[in-house]
file coords.txt (compact mmCIF, C-alpha atoms)
# COMPACT_ATOMS: atom_id res chain seq x y z
CA MET I 11 -1.48 44.99 12.70
CA THR I 12 1.78 46.85 13.32
CA ASP I 13 1.93 48.89 16.53
CA SER I 14 2.32 52.65 15.85
CA SER I 15 5.24 52.93 18.27
CA SER I 16 7.39 50.75 16.05
CA LEU I 17 7.25 53.37 13.30
CA THR I 18 9.38 55.81 15.29
CA VAL I 19 12.21 53.49 16.27
CA ASP I 20 14.45 53.99 13.25
CA GLY I 21 13.93 57.66 12.42
CA PRO I 22 13.74 61.11 14.04
CA ALA I 23 10.51 62.16 15.75
CA GLY I 24 10.12 65.34 13.66
CA PRO I 25 10.27 65.97 9.89
CA ALA I 26 13.77 65.83 8.37
CA ASP I 27 15.51 68.89 6.89
CA PRO I 28 15.54 68.54 3.09
CA GLY I 29 19.16 69.65 3.02
CA THR I 30 20.30 67.09 5.55
CA PRO I 31 21.60 63.75 4.28
CA PRO I 32 19.43 60.80 5.32
CA ALA I 33 20.38 59.12 8.55
CA ALA I 34 22.39 55.91 8.22
CA GLY I 35 20.84 54.18 11.24
CA ARG I 36 17.96 52.49 9.38
CA PRO I 37 20.08 50.83 6.62
CA ARG I 38 22.53 49.59 9.27
CA ARG I 39 19.68 48.15 11.34
CA LEU I 40 18.21 46.46 8.25
CA ARG I 41 21.58 44.93 7.40
CA ARG I 42 21.95 43.64 10.97
CA SER I 43 18.43 42.12 10.92
CA LEU I 44 18.78 40.33 7.58
CA PRO I 45 20.81 37.37 8.97
CA ARG I 46 18.22 36.86 11.72
CA VAL I 47 15.34 36.91 9.18
CA ALA I 48 17.17 34.45 6.91
CA ALA I 49 17.84 32.12 9.83
CA ALA I 50 14.17 32.22 10.84
CA LEU I 51 13.10 31.33 7.31
CA VAL I 52 15.49 28.37 7.22
CA VAL I 53 14.18 27.07 10.54
CA CYS I 54 10.56 27.39 9.35
CA GLY I 55 11.43 25.55 6.15
CA LEU I 56 13.09 22.73 8.06
CA LEU I 57 10.10 22.39 10.38
CA GLY I 58 7.72 22.24 7.43
CA THR I 59 9.85 19.61 5.73
CA GLY I 60 9.99 17.56 8.91
CA ILE I 61 6.21 17.62 9.32
CA ALA I 62 5.68 16.62 5.69
CA TYR I 63 8.20 13.79 6.05
CA GLY I 64 6.49 12.59 9.22
CA ILE I 65 3.20 12.33 7.36
CA THR I 66 4.51 10.65 4.22
CA ALA I 67 6.80 8.21 6.06
CA ALA I 68 4.02 6.58 8.10
CA ASP I 69 4.28 2.84 8.64
CA ARG I 70 2.30 1.14 5.87
CA THR I 71 1.10 -1.54 8.31
CA ASP I 72 -0.95 0.98 10.28
CA LEU I 73 -3.21 3.22 8.23
CA PRO I 74 -4.61 6.45 9.70
CA GLY I 75 -8.35 6.88 9.86
CA LEU I 76 -8.06 10.02 7.69
CA GLY I 77 -10.68 11.71 9.85
CA THR I 78 -10.93 15.48 9.65
CA PRO I 79 -13.88 17.01 11.55
CA GLY I 80 -16.32 18.99 9.46
CA ASP I 81 -15.19 18.01 5.97
CA GLY I 82 -17.59 15.08 5.50
CA ARG I 83 -15.18 12.28 6.32
CA TRP I 84 -16.15 9.58 8.81
CA PRO I 85 -14.39 8.90 12.13
CA TYR I 86 -12.65 5.68 11.13
CA PRO I 87 -10.31 4.16 13.71
CA GLU I 88 -6.75 3.38 12.72
CA GLN I 89 -6.68 0.39 10.39
CA HIS I 90 -4.32 -2.56 10.93
CA ARG I 91 -3.43 -5.23 8.41
CA PRO I 92 -3.67 -8.76 9.83
CA PRO I 93 -0.40 -10.65 10.36
CA LEU I 94 0.92 -12.86 7.60
CA PRO I 95 1.35 -16.60 8.15
CA HIS I 96 4.91 -17.56 9.03
CA GLY I 97 7.12 -17.39 5.95
CA ALA I 98 4.40 -16.06 3.66
CA PRO I 99 5.23 -12.98 1.55
CA ALA I 100 3.13 -9.84 1.32
CA PRO I 101 0.82 -9.91 -1.72
CA PHE I 102 2.93 -7.47 -3.71
CA ALA I 103 6.36 -8.02 -2.22
CA LYS I 104 9.04 -6.82 -4.63
CA THR I 105 11.10 -9.99 -4.79
CA PRO I 106 12.81 -11.44 -7.90
CA GLY I 107 10.96 -14.37 -9.38
CA ALA I 108 8.56 -16.62 -7.53
CA THR I 109 8.82 -16.96 -3.77
CA ALA I 110 8.06 -19.87 -1.50
CA GLY I 111 4.61 -18.38 -0.96
CA GLY I 112 3.72 -18.41 -4.63
CA PRO I 113 3.33 -15.77 -7.33
CA SER I 114 2.75 -12.08 -6.76
CA GLY I 115 -0.72 -10.84 -5.92
CA VAL I 116 -1.71 -13.60 -3.51
CA HIS I 117 -3.22 -12.45 -0.21
CA HIS I 118 -2.06 -14.96 2.41
CA ALA I 119 -3.38 -12.98 5.41
CA ASP I 120 -6.81 -13.60 6.88
CA LEU I 121 -9.28 -12.15 4.38
CA GLY I 122 -11.69 -11.10 7.11
CA GLY I 123 -8.92 -9.01 8.63
CA LEU I 124 -8.46 -7.18 5.34
CA ARG I 125 -11.96 -5.74 5.51
CA LEU I 126 -12.25 -2.11 6.50
CA THR I 127 -13.51 -1.76 10.05
CA ALA I 128 -16.67 0.25 10.73
CA PRO I 129 -16.45 3.96 11.63
CA GLU I 130 -17.16 5.11 15.17
CA GLY I 131 -20.89 5.50 15.82
CA ALA I 132 -21.92 3.05 13.08
CA ALA I 133 -24.34 0.18 13.65
CA VAL I 134 -22.77 -2.99 12.20
CA ASP I 135 -25.45 -5.03 10.43
CA LEU I 136 -23.35 -7.36 8.25
CA ASP I 137 -20.35 -9.46 9.27
CA LYS I 138 -19.71 -12.61 7.27
CA THR I 139 -16.64 -14.60 6.24
CA GLY I 140 -16.36 -17.74 4.16
CA GLY I 141 -13.35 -20.04 4.34
CA LYS I 142 -11.72 -22.09 1.62
CA ASP I 143 -14.12 -24.99 2.11
CA ALA I 144 -17.25 -22.86 2.20
CA PRO I 145 -16.98 -19.45 0.50
CA ASP I 146 -20.22 -17.55 0.94
CA THR I 147 -21.01 -15.17 -1.94
CA ALA I 148 -24.65 -14.55 -0.96
CA ALA I 149 -23.99 -11.14 0.63
CA PHE I 150 -21.97 -10.05 -2.41
CA THR I 151 -24.55 -11.12 -5.02
CA ALA I 152 -27.39 -9.65 -2.94
CA GLU I 153 -26.09 -6.19 -3.84
CA TYR I 154 -27.24 -6.72 -7.45
CA GLU I 155 -30.72 -6.47 -8.90
CA ALA I 156 -32.29 -9.29 -10.89
CA PRO I 157 -31.22 -10.74 -13.26
CA SER I 158 -27.66 -9.53 -12.52
CA GLY I 159 -27.56 -11.31 -9.16
CA ASP I 160 -28.55 -14.63 -10.76
CA LEU I 161 -25.94 -14.15 -13.49
CA LEU I 162 -23.23 -13.51 -10.90
CA ARG I 163 -24.19 -16.58 -8.88
CA ARG I 164 -23.85 -18.80 -11.96
CA HIS I 165 -20.47 -17.31 -12.88
CA LEU I 166 -19.16 -17.57 -9.33
CA ALA I 167 -20.06 -21.25 -9.29
CA ASP I 168 -17.75 -21.66 -12.28
CA TYR I 169 -14.95 -19.39 -11.02
CA ALA I 170 -14.92 -21.10 -7.58
CA PRO I 171 -13.64 -18.35 -5.26
CA ARG I 172 -11.37 -19.48 -2.43
CA ARG I 173 -12.52 -17.13 0.35
CA THR I 174 -15.07 -14.37 0.86
CA ALA I 175 -15.62 -11.68 3.48
CA SER I 176 -18.29 -9.00 3.88
CA ARG I 177 -18.91 -6.21 6.36
CA GLY I 178 -21.68 -3.63 6.43
CA CYS I 179 -22.90 -0.87 8.71
CA THR I 180 -25.41 1.96 8.88
CA MET I 181 -24.35 5.47 9.85
CA PRO I 182 -26.49 7.89 11.91
CA ASP I 183 -27.32 9.90 8.76
CA GLY I 184 -28.89 6.81 7.15
CA THR I 185 -25.97 5.90 4.86
CA ARG I 186 -25.52 2.16 4.42
CA ALA I 187 -21.90 1.16 3.75
CA ARG I 188 -20.83 -2.31 2.64
CA VAL I 189 -17.50 -3.89 1.76
CA HIS I 190 -17.30 -7.28 0.03
CA LEU I 191 -14.05 -9.16 -0.69
CA VAL I 192 -13.95 -12.14 -3.07
CA GLN I 193 -10.63 -14.00 -3.39
CA PHE I 194 -9.94 -16.24 -6.38
CA GLU I 195 -7.32 -18.90 -7.05
CA SER I 196 -4.96 -16.43 -8.72
CA ALA I 197 -4.63 -12.88 -9.97
CA ALA I 198 -5.21 -14.14 -13.51
CA VAL I 199 -8.58 -15.65 -12.57
CA ALA I 200 -9.60 -12.47 -10.77
CA GLN I 201 -8.69 -10.40 -13.82
CA TYR I 202 -10.63 -12.70 -16.12
CA PHE I 203 -13.66 -12.41 -13.82
CA ARG I 204 -13.32 -8.64 -14.01
CA LEU I 205 -13.18 -8.49 -17.80
CA THR I 206 -15.81 -11.11 -18.63
CA VAL I 207 -18.36 -10.89 -15.80
CA LEU I 208 -18.29 -7.40 -14.28
CA ASN I 209 -17.37 -5.34 -17.34
CA ASP I 210 -16.97 -5.54 -21.08
CA TRP I 211 -15.72 -3.08 -23.66
CA LYS I 212 -18.98 -1.12 -23.42
CA GLY I 213 -18.86 -0.66 -19.63
CA THR I 214 -20.62 -2.32 -16.71
CA VAL I 215 -22.44 -5.58 -17.38
CA VAL I 216 -24.22 -6.14 -14.06
CA ASN I 217 -26.35 -3.60 -12.19
CA LEU I 218 -26.47 -2.88 -8.48
CA ARG I 219 -29.79 -2.31 -6.76
CA ASP I 220 -31.09 1.23 -7.30
CA ALA I 221 -28.20 1.91 -9.70
CA ARG I 222 -29.32 0.82 -13.13
CA THR I 223 -27.95 4.00 -14.75
CA VAL I 224 -24.42 4.90 -13.68
CA VAL I 225 -21.40 6.83 -14.94
CA ARG I 226 -17.74 6.64 -14.07
CA ASP I 227 -16.91 8.93 -11.16
CA ASP I 228 -13.69 10.68 -12.08
CA GLY I 229 -13.71 12.71 -8.88
CA TYR I 230 -12.00 9.95 -6.91
CA GLU I 231 -8.58 10.30 -8.52
CA SER I 232 -8.49 14.06 -8.02
CA ALA I 233 -9.87 13.89 -4.46
CA VAL I 234 -7.64 11.03 -3.26
CA GLN I 235 -4.02 11.54 -4.22
CA ALA I 236 -1.35 9.04 -3.23
CA ARG I 237 1.31 10.25 -0.83
CA PRO I 238 4.91 10.36 -2.08
CA GLY I 239 6.31 6.86 -1.93
CA ASP I 240 2.92 5.13 -1.94
CA VAL I 241 2.63 2.15 -4.26
CA LEU I 242 -1.00 1.05 -4.50
CA ASP I 243 -1.00 -2.31 -6.25
CA SER I 244 -4.67 -2.22 -7.14
CA ALA I 245 -6.89 -0.83 -9.86
CA VAL I 246 -10.00 1.16 -8.98
CA GLU I 247 -13.22 1.70 -10.92
CA VAL I 248 -15.55 4.21 -9.27
CA TYR I 249 -19.19 4.74 -10.29
CA ARG I 250 -22.07 6.96 -9.25
CA GLN I 251 -25.75 6.66 -9.94
CA THR I 252 -27.36 9.14 -12.31
CA GLY I 253 -31.02 10.10 -12.45
CA SER I 254 -33.57 9.27 -9.78
CA GLY I 255 -34.67 5.79 -10.76
CA GLY I 256 -33.87 4.15 -7.41
CA ALA I 257 -35.18 4.57 -3.88
CA ARG I 258 -31.65 5.31 -2.67
CA SER I 259 -28.72 7.24 -4.11
CA VAL I 260 -25.81 4.88 -4.79
CA ARG I 261 -22.05 5.15 -5.21
CA TYR I 262 -19.89 2.09 -5.62
CA ALA I 263 -16.38 1.06 -6.55
CA TYR I 264 -14.56 -2.09 -7.65
CA LEU I 265 -11.04 -2.67 -6.37
CA PHE I 266 -8.87 -5.20 -8.21
CA ALA I 267 -5.87 -6.23 -6.10
CA GLY I 268 -4.11 -9.36 -7.29
CA ASP I 269 -6.26 -12.39 -6.53
CA THR I 270 -8.94 -10.35 -4.73
CA VAL I 271 -11.86 -8.32 -6.05
CA ALA I 272 -13.53 -5.88 -3.66
CA LEU I 273 -16.87 -4.11 -3.95
CA VAL I 274 -17.45 -0.96 -1.86
CA VAL I 275 -21.00 0.46 -1.78
CA HIS I 276 -22.55 3.53 -0.16
CA SER I 277 -26.30 4.12 -0.46
CA ARG I 278 -28.58 6.66 1.15
CA PRO I 279 -32.00 8.20 0.50
CA GLY I 280 -31.61 11.67 -0.94
CA GLY I 281 -27.91 11.48 -1.78
CA THR I 282 -24.59 10.08 -0.64
CA VAL I 283 -21.64 12.10 0.66
CA PRO I 284 -18.77 11.93 -1.87
CA THR I 285 -16.04 12.70 0.68
CA ALA I 286 -17.05 9.85 2.99
CA PHE I 287 -17.30 7.45 0.06
CA TYR I 288 -13.89 8.38 -1.35
CA GLN I 289 -12.40 7.98 2.12
CA THR I 290 -13.89 4.49 2.46
CA VAL I 291 -12.59 3.41 -0.94
CA ALA I 292 -9.10 4.83 -0.26
CA LEU I 293 -8.74 3.03 3.06
CA GLN I 294 -9.94 -0.28 1.62
CA GLN I 295 -7.55 0.12 -1.30
CA GLN I 296 -4.63 0.68 1.06
CA LEU I 297 -5.52 -2.39 3.11
CA LEU I 298 -5.42 -4.60 0.02
CA SER I 299 -2.21 -3.12 -1.45
call {"tool": "encode", "arguments": {"input": "coords.txt", "output": "structure tokens"}}
result
Amino acid sequence: MTDSSSLTVDGPAGPADPGTPPAAGRPRRLRRSLPRVAAALVVCGLLGTGIAYGITAADRTDLPGLGTPGDGRWPYPEQHRPPLPHGAPAPFAKTPGATAGGPSGVHHADLGGLRLTAPEGAAVDLDKTGGKDAPDTAAFTAEYEAPSGDLLRRHLADYAPRRTASRGCTMPDGTRARVHLVQFESAAVAQYFRLTVLNDWKGTVVNLRDARTVVRDDGYESAVQARPGDVLDSAVEVYRQTGSGGARSVRYAYLFAGDTVALVVHSRPGGTVPTAFYQTVALQQQLLS
């Protein structure tokens, strides 16, 4: 609110005589103040640009937890990608032709280190990894109801994944969150698994527990927008349960990143929180890209 004393600075205290020309003091003062106002606006603009640049130019190795109190997001710690083996390229390195590490889309880093870490305050109840000699898909297939789980187990025996990793936790509000990573021999095998086992031209082929009836959740793309300069080398399919057929409300997403397929699941009695789920999917997508 403007202080009343400021209204008398540029004009006479009493009413002006109608026959008297208007005083020239106010226009002169306005002209003198214009350069100062313009300079202030330029400084504000530069500060805003600098803040925006600082946010969008963050190191892609360290991913912020994206936590904002009160908006439904979870207090994730900062995420760190595991180091690459010596001489191995990043999975989507923009290099001409094949590299010494093989074709594009291969994740050479430790797969367990590419799992999203649990939020603060969560109780971790699942932590499994399976190496090249003994990939363990039991935690992944356990997410599916019968007969989908049996179908997946038979297909995975044929597709022979190289490595697997799973992590799950339970939040104080009762939400169970799980992340499963399954790495195949190549991006082509992973894509074939996607198109022939998980989906067909009609939609989903296999059903998660408590999620027999689902629809595509288009809210993810509008809620999670890539920052300028981000290149997310992964495809995302997001689903939400419809109806009330299950004991728990379910949201889940498939991430397809080169040779790796990820499943992210949130389930909770009474309903899941979309913001927390979108946040979880976005962070896992960034880790794999």
call {"tool": "closest_residue", "arguments": {"input": "coords.txt", "among": "I:Val291, I:Ala286, I:Leu297, I:Ala200", "to": "Arg83 of chain I", "atoms": "all atoms listed in the file"}}
result
I:Ala286
call {"tool": "closest_residue", "arguments": {"input": "coords.txt", "among": "I:Val271, I:Leu161, I:Val248, I:Ala133", "to": "Val192 of chain I", "atoms": "only C-alpha atoms"}}
result
I:Val271
call {"tool": "residues_near_point", "arguments": {"input": "coords.txt", "point": "(-14.3, -18.8, -7.7)", "cutoff": "6 Å", "atoms": "only C-alpha atoms", "output": "NGL selection string"}}
result
:I and (166 or 169-171 or 194)
call {"tool": "atom_distance", "arguments": {"input": "coords.txt", "atom1": "atom CA of Val207 of chain I", "atom2": "atom CA of Ala128 of chain I"}}
result
28.8 Å
call {"tool": "closest_residue", "arguments": {"input": "coords.txt", "among": "I:His190, I:Ala292, I:Pro182, I:Ser114", "to": "Ala149 of chain I", "atoms": "all atoms listed in the file"}}
result
I:His190
call {"tool": "atom_distance", "arguments": {"input": "coords.txt", "atom1": "atom CA of Gly280 of chain I", "atom2": "atom CA of Lys138 of chain I"}}
result
28.3 Å
call {"tool": "closest_residue", "arguments": {"input": "coords.txt", "among": "I:Asp227, I:Leu298, I:Ala221, I:Thr206", "to": "Arg91 of chain I", "atoms": "all atoms listed in the file"}}
result
I:Leu298
call {"tool": "closest_residue", "arguments": {"input": "coords.txt", "among": "I:Ala187, I:Val225, I:Val116, I:Ala132", "to": "Phe266 of chain I", "atoms": "all atoms listed in the file"}}
result
I:Val116
call {"tool": "closest_residue", "arguments": {"input": "coords.txt", "among": "I:Gly140, I:Gly159, I:Pro93, I:Gly178", "to": "Thr127 of chain I", "atoms": "only C-alpha atoms"}}
result
I:Gly178
call {"tool": "atom_distance", "arguments": {"input": "coords.txt", "atom1": "atom CA of Pro92 of chain I", "atom2": "atom CA of Leu293 of chain I"}}
result
14.5 Å
call {"tool": "residues_around", "arguments": {"input": "coords.txt", "residues": "Arg258 of chain I", "least_positions_apart": "6", "cutoff": "7 Å", "atoms": "all atoms listed in the file", "output": "compact mmCIF listing (two decimals) with C-alpha atoms, in the coordinates of the input"}}
result
# COMPACT_ATOMS: atom_id res chain seq x y z
CA ASP I 220 -31.09 1.23 -7.30
CA SER I 277 -26.30 4.12 -0.46
CA ARG I 278 -28.58 6.66 1.15
CA PRO I 279 -32.00 8.20 0.50
CA GLY I 280 -31.61 11.67 -0.94
call {"tool": "residues_around", "arguments": {"input": "coords.txt", "residues": "Phe287 of chain I", "least_positions_apart": "4", "cutoff": "8 Å", "atoms": "all atoms listed in the file", "output": "VMD selection string"}}
result
chain I and resid 261 276 282 to 283 291
call {"tool": "residues_near_point", "arguments": {"input": "coords.txt", "point": "(-14.9, 7.7, -13.9)", "cutoff": "12 Å", "atoms": "all atoms listed in the file", "output": "list in words"}}
result
Gly213, Thr214, Val224, Val225, Arg226, Asp227, Asp228, Gly229, Tyr230, Glu231, Ser232, Val246, Glu247, Val248, Tyr249, Arg250, Gln251, Arg261, Tyr262, Ala263 and Tyr264 of chain I
call {"tool": "build_atoms", "arguments": {"input": "coords.txt", "residues": "segment 173-184 of chain I", "atoms": "all heavy atoms", "output": "mmCIF file, keeping the file's coordinate frame"}}
result
data_model
loop_
_atom_site.group_PDB
_atom_site.id
_atom_site.type_symbol
_atom_site.label_atom_id
_atom_site.label_comp_id
_atom_site.auth_asym_id
_atom_site.auth_seq_id
_atom_site.Cartn_x
_atom_site.Cartn_y
_atom_site.Cartn_z
ATOM 1 N N ARG I 173 -12.031 -17.688 -0.927
ATOM 2 C CA ARG I 173 -12.520 -17.130 0.350
ATOM 3 C C ARG I 173 -13.356 -15.893 0.062
ATOM 4 O O ARG I 173 -13.179 -15.228 -0.969
ATOM 5 C CB ARG I 173 -11.347 -16.758 1.260
ATOM 6 C CG ARG I 173 -10.505 -17.930 1.718
ATOM 7 C CD ARG I 173 -9.426 -17.471 2.697
ATOM 8 N NE ARG I 173 -8.443 -16.589 2.071
ATOM 9 C CZ ARG I 173 -7.455 -15.984 2.732
ATOM 10 N NH1 ARG I 173 -7.333 -16.141 4.041
ATOM 11 N NH2 ARG I 173 -6.592 -15.213 2.097
ATOM 12 N N THR I 174 -14.248 -15.568 0.980
ATOM 13 C CA THR I 174 -15.070 -14.370 0.860
ATOM 14 C C THR I 174 -15.164 -13.708 2.241
ATOM 15 O O THR I 174 -15.006 -14.361 3.273
ATOM 16 C CB THR I 174 -16.493 -14.697 0.375
ATOM 17 O OG1 THR I 174 -17.096 -15.653 1.264
ATOM 18 C CG2 THR I 174 -16.477 -15.258 -1.038
ATOM 19 N N ALA I 175 -15.428 -12.412 2.233
ATOM 20 C CA ALA I 175 -15.620 -11.680 3.480
ATOM 21 C C ALA I 175 -16.460 -10.443 3.188
ATOM 22 O O ALA I 175 -16.247 -9.767 2.173
ATOM 23 C CB ALA I 175 -14.274 -11.282 4.095
ATOM 24 N N SER I 176 -17.413 -10.154 4.052
ATOM 25 C CA SER I 176 -18.290 -9.000 3.880
ATOM 26 C C SER I 176 -18.483 -8.303 5.223
ATOM 27 O O SER I 176 -18.507 -8.951 6.276
ATOM 28 C CB SER I 176 -19.665 -9.410 3.337
ATOM 29 O OG SER I 176 -19.568 -10.002 2.063
ATOM 30 N N ARG I 177 -18.591 -6.993 5.170
ATOM 31 C CA ARG I 177 -18.910 -6.210 6.360
ATOM 32 C C ARG I 177 -19.766 -5.029 5.945
ATOM 33 O O ARG I 177 -19.509 -4.395 4.914
ATOM 34 C CB ARG I 177 -17.645 -5.727 7.066
ATOM 35 C CG ARG I 177 -17.925 -4.800 8.263
ATOM 36 C CD ARG I 177 -16.663 -4.512 9.054
ATOM 37 N NE ARG I 177 -16.288 -5.663 9.868
ATOM 38 C CZ ARG I 177 -15.041 -6.055 10.071
ATOM 39 N NH1 ARG I 177 -14.039 -5.418 9.484
ATOM 40 N NH2 ARG I 177 -14.776 -7.085 10.854
ATOM 41 N N GLY I 178 -20.804 -4.751 6.735
ATOM 42 C CA GLY I 178 -21.680 -3.630 6.430
ATOM 43 C C GLY I 178 -22.119 -2.922 7.689
ATOM 44 O O GLY I 178 -22.153 -3.510 8.779
ATOM 45 N N CYS I 179 -22.439 -1.650 7.556
ATOM 46 C CA CYS I 179 -22.900 -0.870 8.710
ATOM 47 C C CYS I 179 -23.816 0.240 8.225
ATOM 48 O O CYS I 179 -23.882 0.556 7.028
ATOM 49 C CB CYS I 179 -21.711 -0.288 9.480
ATOM 50 S SG CYS I 179 -20.752 0.933 8.534
ATOM 51 N N THR I 180 -24.531 0.826 9.163
ATOM 52 C CA THR I 180 -25.410 1.960 8.880
ATOM 53 C C THR I 180 -24.977 3.125 9.756
ATOM 54 O O THR I 180 -24.824 2.973 10.976
ATOM 55 C CB THR I 180 -26.876 1.613 9.146
ATOM 56 O OG1 THR I 180 -27.254 0.505 8.323
ATOM 57 C CG2 THR I 180 -27.778 2.799 8.819
ATOM 58 N N MET I 181 -24.779 4.284 9.126
ATOM 59 C CA MET I 181 -24.350 5.470 9.850
ATOM 60 C C MET I 181 -25.558 6.249 10.379
ATOM 61 O O MET I 181 -26.680 6.054 9.914
ATOM 62 C CB MET I 181 -23.523 6.362 8.921
ATOM 63 C CG MET I 181 -22.200 5.748 8.521
ATOM 64 S SD MET I 181 -21.081 5.539 9.921
ATOM 65 C CE MET I 181 -20.580 7.247 10.206
ATOM 66 N N PRO I 182 -25.369 7.130 11.357
ATOM 67 C CA PRO I 182 -26.490 7.890 11.910
ATOM 68 C C PRO I 182 -27.253 8.716 10.879
ATOM 69 O O PRO I 182 -28.447 8.974 11.067
ATOM 70 C CB PRO I 182 -25.810 8.806 12.947
ATOM 71 C CG PRO I 182 -24.589 8.045 13.369
ATOM 72 C CD PRO I 182 -24.123 7.340 12.138
ATOM 73 N N ASP I 183 -26.613 9.114 9.770
ATOM 74 C CA ASP I 183 -27.320 9.900 8.760
ATOM 75 C C ASP I 183 -28.113 9.033 7.783
ATOM 76 O O ASP I 183 -28.696 9.539 6.826
ATOM 77 C CB ASP I 183 -26.351 10.801 7.994
ATOM 78 C CG ASP I 183 -25.387 10.021 7.095
ATOM 79 O OD1 ASP I 183 -25.360 8.766 7.187
ATOM 80 O OD2 ASP I 183 -24.666 10.655 6.309
ATOM 81 N N GLY I 184 -28.124 7.707 8.009
ATOM 82 C CA GLY I 184 -28.890 6.810 7.150
ATOM 83 C C GLY I 184 -28.086 6.172 6.035
ATOM 84 O O GLY I 184 -28.628 5.350 5.289
#
